[in-house]
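Peer 1: Following this message is one structure expressed as structure tokens.
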Amino acid sequence: MTTARRQETAKLIFTIGANLAIIVFTVYSVLGFFVAGGDGNMKVVGVTAFRYFTVDSNILAAVSSLVVIICAVREYRGLKTPGWVRIFNLAATVSVMLTLLTVVCFLGPFVYGYPLMFEGTSLYMHLVTPLIKLASFVWLESINAPRMKRRYMIFGIAPMLAYGAVYCGMVVLARQWEDFYSFNQNGLFPLSVVIMVTATAAISYAVGLWANFSAKWLKI
């Protein structure tokens, strides 16, 4: 086996390992809502868990990780990964990073407190999975990957926009959900929208540019 082939094999093993971990952590965390109930700030049971962006973003990350594993095996066999996969994985990575940064910068210090945000399975969904997903995307998946055009990086905000529309409808308009993210305190939901859209776009471009930097320098 040549040196290049050994490196490709190592990349495949680490990629599968990292993304399989994401899938396992997510399945374990989501099943927990149906078996024992949620932890931390998400003490709900059953399908109610799906109203949280944390849960939805982690499921998106797990689905994209399954795609990553399939594509990694295909690349090892000499097959090319479709361009949309890179954009899809960017969106998933941005979504869980938004979850992590919202917890660290807002929900932890100002709403729930950090201990509650990292209690039980929340530790996986709020911290472990986002960090593994980020590392996989900007390093492992960037080896020999084509550079992503900047105009495509804006698609990283798509999941947040979709969820935000539902959250607005259920919390602000229909008043069917409690404002569990405290985005509508004192009627400041419009300001929260501006902040979240801007922050998510910044995360998307930061992650995309980081991945492009890695794609330029990480070669086999």
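Chains: A, B, ... in order of the structure tokens. Residues: from 1 per chain. Ligands: from 1, in order shown.
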Could you list, with a cut-off of 12 Å and counting only C-alpha atoms, the residues of range 111-199 of chain A near range 76-80 of chain A, each shown with its nearest atom pair and the distance in Å rounded to one decimal, rows sorted by chain and ascending number, as a Markdown table?
Peer 2:
| residue | atom | partner | partner_atom | distance |
| --- | --- | --- | --- | --- |
| A:Asn144 | CA | A:Lys80 | CA | 11.1 |
| A:Ala145 | CA | A:Lys80 | CA | 10.1 |
| A:Pro146 | CA | A:Lys80 | CA | 10.9 |
Peer 1: Write out the residues from the selection above, keeping C-alpha atoms, as a CSV table (one decimal), in the first residue's frame.
Peer 2:
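Dumped to part17.csv:
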chain,number,residue,atom,x,y,z
A,144,ASN,CA,-8.9,17.1,-1.2
A,145,ALA,CA,-12.3,18.8,-1.3
A,146,PRO,CA,-13.1,21.5,-3.9
Peer 1: For Lys11 in chain A, work out the shell of residues within 10 Å, counting only C-alpha atoms and skipping chain neighbours fewer than 6 positions away, then give it as a list in words.
Peer 2: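 What passes the distance filter is Arg5, Gly17, Ala72, Tyr76, Trp139, Leu140, Glu141, Ile143 and Ile220 of chain A.
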Peer 1: Give me a file of those residues, with N, CA and C atoms, as a tab-separated table (two decimals), in the first residue's frame.
Peer 2:
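Contents of again.tsv, as written:
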chain	number	residue	atom	x	y	z
A	5	ARG	N	-2.25	6.02	-0.29
A	5	ARG	CA	-3.38	5.14	-0.02
A	5	ARG	C	-3.56	4.95	1.48
A	17	GLY	N	-15.52	7.29	11.82
A	17	GLY	CA	-15.59	7.29	13.28
A	17	GLY	C	-16.26	8.53	13.84
A	72	ALA	N	-17.85	9.32	1.82
A	72	ALA	CA	-16.45	9.01	2.13
A	72	ALA	C	-16.06	7.65	1.56
A	76	TYR	N	-13.37	6.90	-1.46
A	76	TYR	CA	-12.29	5.92	-1.28
A	76	TYR	C	-12.24	4.95	-2.45
A	139	TRP	N	-12.08	19.98	8.69
A	139	TRP	CA	-10.83	19.26	8.54
A	139	TRP	C	-10.98	17.98	7.71
A	140	LEU	N	-11.62	16.98	8.24
A	140	LEU	CA	-11.68	15.69	7.56
A	140	LEU	C	-12.32	15.78	6.18
A	141	GLU	N	-13.50	16.42	6.10
A	141	GLU	CA	-14.21	16.50	4.83
A	141	GLU	C	-13.57	17.48	3.86
A	143	ILE	N	-10.27	17.64	3.23
A	143	ILE	CA	-9.08	17.07	2.59
A	143	ILE	C	-9.42	16.71	1.14
A	220	ILE	N	-3.82	15.08	0.09
A	220	ILE	CA	-3.25	13.73	0.15
A	220	ILE	C	-2.62	13.44	-1.19
Peer 1: Can you check which residues of range 62-179 of chain A DSSP gives as helix (DSSP H, G or I) on the backbone and send them as number ranges by chain?
Peer 2: A: 62-76, 83-112, 114-117, 122-138, 140-142, 150-173
Peer 1: Using 10 Å as the limit and counting only C-alpha atoms, can you tabulate each residue of range 29-116 of chain A that touches range 122-130 of chain A, with its shortest atom-to-atom distance in Å and the two atoms involved, as JSON lines?
Peer 2:
{"residue": "A:Ser29", "atom": "CA", "partner": "A:Met125", "partner_atom": "CA", "distance": 7.5}
{"residue": "A:Val30", "atom": "CA", "partner": "A:Met125", "partner_atom": "CA", "distance": 9.5}
{"residue": "A:Gly38", "atom": "CA", "partner": "A:Ser122", "partner_atom": "CA", "distance": 8.2}
{"residue": "A:Asp39", "atom": "CA", "partner": "A:Ser122", "partner_atom": "CA", "distance": 6.3}
{"residue": "A:Gly40", "atom": "CA", "partner": "A:Ser122", "partner_atom": "CA", "distance": 6.4}
{"residue": "A:Asn41", "atom": "CA", "partner": "A:Ser122", "partner_atom": "CA", "distance": 8.3}
{"residue": "A:Met42", "atom": "CA", "partner": "A:Ser122", "partner_atom": "CA", "distance": 8.1}
{"residue": "A:Thr54", "atom": "CA", "partner": "A:Met125", "partner_atom": "CA", "distance": 6.6}
{"residue": "A:Val55", "atom": "CA", "partner": "A:Met125", "partner_atom": "CA", "distance": 7.1}
{"residue": "A:Asp56", "atom": "CA", "partner": "A:Met125", "partner_atom": "CA", "distance": 9.9}
{"residue": "A:Ser57", "atom": "CA", "partner": "A:Met125", "partner_atom": "CA", "distance": 8.7}
{"residue": "A:Asn58", "atom": "CA", "partner": "A:Met125", "partner_atom": "CA", "distance": 6.3}
{"residue": "A:Ile59", "atom": "CA", "partner": "A:Met125", "partner_atom": "CA", "distance": 9.5}
{"residue": "A:Ala61", "atom": "CA", "partner": "A:Thr129", "partner_atom": "CA", "distance": 8.2}
{"residue": "A:Ala62", "atom": "CA", "partner": "A:Thr129", "partner_atom": "CA", "distance": 9.0}
{"residue": "A:Ala92", "atom": "CA", "partner": "A:Pro130", "partner_atom": "CA", "distance": 9.4}
{"residue": "A:Thr93", "atom": "CA", "partner": "A:Pro130", "partner_atom": "CA", "distance": 7.1}
{"residue": "A:Val94", "atom": "CA", "partner": "A:Pro130", "partner_atom": "CA", "distance": 8.8}
{"residue": "A:Ser95", "atom": "CA", "partner": "A:Pro130", "partner_atom": "CA", "distance": 8.5}
{"residue": "A:Val96", "atom": "CA", "partner": "A:Pro130", "partner_atom": "CA", "distance": 5.0}
{"residue": "A:Met97", "atom": "CA", "partner": "A:Pro130", "partner_atom": "CA", "distance": 5.5}
{"residue": "A:Leu98", "atom": "CA", "partner": "A:Pro130", "partner_atom": "CA", "distance": 8.7}
{"residue": "A:Thr99", "atom": "CA", "partner": "A:His126", "partner_atom": "CA", "distance": 6.3}
{"residue": "A:Leu100", "atom": "CA", "partner": "A:His126", "partner_atom": "CA", "distance": 5.2}
{"residue": "A:Leu101", "atom": "CA", "partner": "A:His126", "partner_atom": "CA", "distance": 8.8}
{"residue": "A:Thr102", "atom": "CA", "partner": "A:His126", "partner_atom": "CA", "distance": 9.2}
{"residue": "A:Val103", "atom": "CA", "partner": "A:His126", "partner_atom": "CA", "distance": 7.1}
{"residue": "A:Val104", "atom": "CA", "partner": "A:His126", "partner_atom": "CA", "distance": 9.0}
{"residue": "A:Pro115", "atom": "CA", "partner": "A:Leu123", "partner_atom": "CA", "distance": 9.7}
{"residue": "A:Leu116", "atom": "CA", "partner": "A:Ser122", "partner_atom": "CA", "distance": 8.4}
Peer 1: Could you check how far CA of Ser142 in chain A sits from CA of Leu90 in chain A, in Å to one decimal?
Peer 2: 11.2 Å
Peer 1: Show me, as a PDB file with N, CA, C and O atoms, in the first residue's frame, the residues that have an atom within 12 Å of Trp177 in chain A when counting only C-alpha atoms, minus same-chain residues fewer than 2 positions from it.
Peer 2:
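So the final result, stored in selection_27.pdb, reads:
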ATOM      1  N   THR A  48     -42.860  16.329  21.626  1.00  0.00           N
ATOM      2  CA  THR A  48     -42.704  17.729  22.007  1.00  0.00           C
ATOM      3  C   THR A  48     -41.258  18.176  21.861  1.00  0.00           C
ATOM      4  O   THR A  48     -40.972  19.355  21.643  1.00  0.00           O
ATOM      5  N   ARG A  51     -39.903  20.500  18.943  1.00  0.00           N
ATOM      6  CA  ARG A  51     -40.110  21.941  18.839  1.00  0.00           C
ATOM      7  C   ARG A  51     -38.826  22.719  19.142  1.00  0.00           C
ATOM      8  O   ARG A  51     -38.746  23.908  18.888  1.00  0.00           O
ATOM      9  N   TYR A  52     -37.810  22.035  19.671  1.00  0.00           N
ATOM     10  CA  TYR A  52     -36.542  22.696  19.995  1.00  0.00           C
ATOM     11  C   TYR A  52     -35.586  22.666  18.801  1.00  0.00           C
ATOM     12  O   TYR A  52     -35.370  21.611  18.203  1.00  0.00           O
ATOM     13  N   VAL A 166     -41.338  28.967  11.846  1.00  0.00           N
ATOM     14  CA  VAL A 166     -42.236  28.156  12.672  1.00  0.00           C
ATOM     15  C   VAL A 166     -42.288  28.717  14.092  1.00  0.00           C
ATOM     16  O   VAL A 166     -43.374  28.843  14.688  1.00  0.00           O
ATOM     17  N   TYR A 167     -41.132  29.069  14.644  1.00  0.00           N
ATOM     18  CA  TYR A 167     -41.065  29.607  16.015  1.00  0.00           C
ATOM     19  C   TYR A 167     -41.868  30.899  16.119  1.00  0.00           C
ATOM     20  O   TYR A 167     -42.622  31.104  17.082  1.00  0.00           O
ATOM     21  N   CYS A 168     -41.733  31.763  15.135  1.00  0.00           N
ATOM     22  CA  CYS A 168     -42.482  33.019  15.114  1.00  0.00           C
ATOM     23  C   CYS A 168     -43.988  32.739  15.079  1.00  0.00           C
ATOM     24  O   CYS A 168     -44.769  33.356  15.821  1.00  0.00           O
ATOM     25  N   GLY A 169     -44.382  31.815  14.226  1.00  0.00           N
ATOM     26  CA  GLY A 169     -45.791  31.492  14.104  1.00  0.00           C
ATOM     27  C   GLY A 169     -46.376  30.917  15.385  1.00  0.00           C
ATOM     28  O   GLY A 169     -47.471  31.304  15.811  1.00  0.00           O
ATOM     29  N   MET A 170     -45.639  30.011  16.026  1.00  0.00           N
ATOM     30  CA  MET A 170     -46.158  29.315  17.199  1.00  0.00           C
ATOM     31  C   MET A 170     -46.036  30.125  18.484  1.00  0.00           C
ATOM     32  O   MET A 170     -46.860  29.991  19.399  1.00  0.00           O
ATOM     33  N   VAL A 171     -45.011  30.974  18.583  1.00  0.00           N
ATOM     34  CA  VAL A 171     -44.775  31.745  19.806  1.00  0.00           C
ATOM     35  C   VAL A 171     -45.407  33.131  19.740  1.00  0.00           C
ATOM     36  O   VAL A 171     -46.128  33.547  20.657  1.00  0.00           O
ATOM     37  N   VAL A 172     -45.138  33.848  18.665  1.00  0.00           N
ATOM     38  CA  VAL A 172     -45.564  35.244  18.573  1.00  0.00           C
ATOM     39  C   VAL A 172     -46.978  35.394  18.034  1.00  0.00           C
ATOM     40  O   VAL A 172     -47.787  36.167  18.560  1.00  0.00           O
ATOM     41  N   LEU A 173     -47.309  34.646  16.974  1.00  0.00           N
ATOM     42  CA  LEU A 173     -48.601  34.818  16.320  1.00  0.00           C
ATOM     43  C   LEU A 173     -49.694  33.946  16.938  1.00  0.00           C
ATOM     44  O   LEU A 173     -50.720  34.447  17.402  1.00  0.00           O
ATOM     45  N   ALA A 174     -49.487  32.635  16.948  1.00  0.00           N
ATOM     46  CA  ALA A 174     -50.519  31.722  17.458  1.00  0.00           C
ATOM     47  C   ALA A 174     -50.493  31.589  18.981  1.00  0.00           C
ATOM     48  O   ALA A 174     -51.489  31.180  19.580  1.00  0.00           O
ATOM     49  N   ARG A 175     -49.355  31.899  19.586  1.00  0.00           N
ATOM     50  CA  ARG A 175     -49.182  31.784  21.044  1.00  0.00           C
ATOM     51  C   ARG A 175     -49.482  30.368  21.546  1.00  0.00           C
ATOM     52  O   ARG A 175     -50.095  30.177  22.597  1.00  0.00           O
ATOM     53  N   ASP A 179     -42.299  30.936  25.084  1.00  0.00           N
ATOM     54  CA  ASP A 179     -41.092  31.525  24.489  1.00  0.00           C
ATOM     55  C   ASP A 179     -39.860  30.955  25.175  1.00  0.00           C
ATOM     56  O   ASP A 179     -39.147  31.637  25.900  1.00  0.00           O
ATOM     57  N   PHE A 180     -39.588  29.644  24.926  1.00  0.00           N
ATOM     58  CA  PHE A 180     -38.520  28.965  25.660  1.00  0.00           C
ATOM     59  C   PHE A 180     -37.124  29.429  25.291  1.00  0.00           C
ATOM     60  O   PHE A 180     -36.163  29.128  25.989  1.00  0.00           O
ATOM     61  N   TYR A 181     -36.985  30.177  24.210  1.00  0.00           N
ATOM     62  CA  TYR A 181     -35.680  30.753  23.877  1.00  0.00           C
ATOM     63  C   TYR A 181     -35.583  32.227  24.283  1.00  0.00           C
ATOM     64  O   TYR A 181     -34.555  32.869  24.032  1.00  0.00           O
ATOM     65  N   SER A 182     -36.662  32.753  24.865  1.00  0.00           N
ATOM     66  CA  SER A 182     -36.681  34.140  25.364  1.00  0.00           C
ATOM     67  C   SER A 182     -36.361  35.156  24.273  1.00  0.00           C
ATOM     68  O   SER A 182     -35.781  36.205  24.540  1.00  0.00           O
ATOM     69  N   ASN A 184     -38.658  36.704  22.538  1.00  0.00           N
ATOM     70  CA  ASN A 184     -39.716  37.714  22.449  1.00  0.00           C
ATOM     71  C   ASN A 184     -39.896  38.482  23.757  1.00  0.00           C
ATOM     72  O   ASN A 184     -40.944  39.082  23.988  1.00  0.00           O
TER      73      ASN A 184
END
Peer 1: Take CA of Arg151 in chain A and CA of Pro190 in chain A and report the distance between them in Å, one decimal.
Peer 2: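 The value is 25.9 Å.
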Peer 1: Which residue is closest to Phe110 in chain A? Choose from A:Phe183, A:Phe14, A:Tyr163, A:Phe53 and count only C-alpha atoms.
Peer 2: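 Looking at the shortest contact to Phe110 in chain A, the residue is A:Phe183.
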Peer 1: Between A:Ala202, A:Tyr28, A:Val207, A:Val194, which one has atoms that come closest to Gly120 in chain A, using only C-alpha atoms?
Peer 2: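 Ranking A:Ala202, A:Tyr28, A:Val207, A:Val194 by distance to Gly120 in chain A, first place goes to A:Tyr28.
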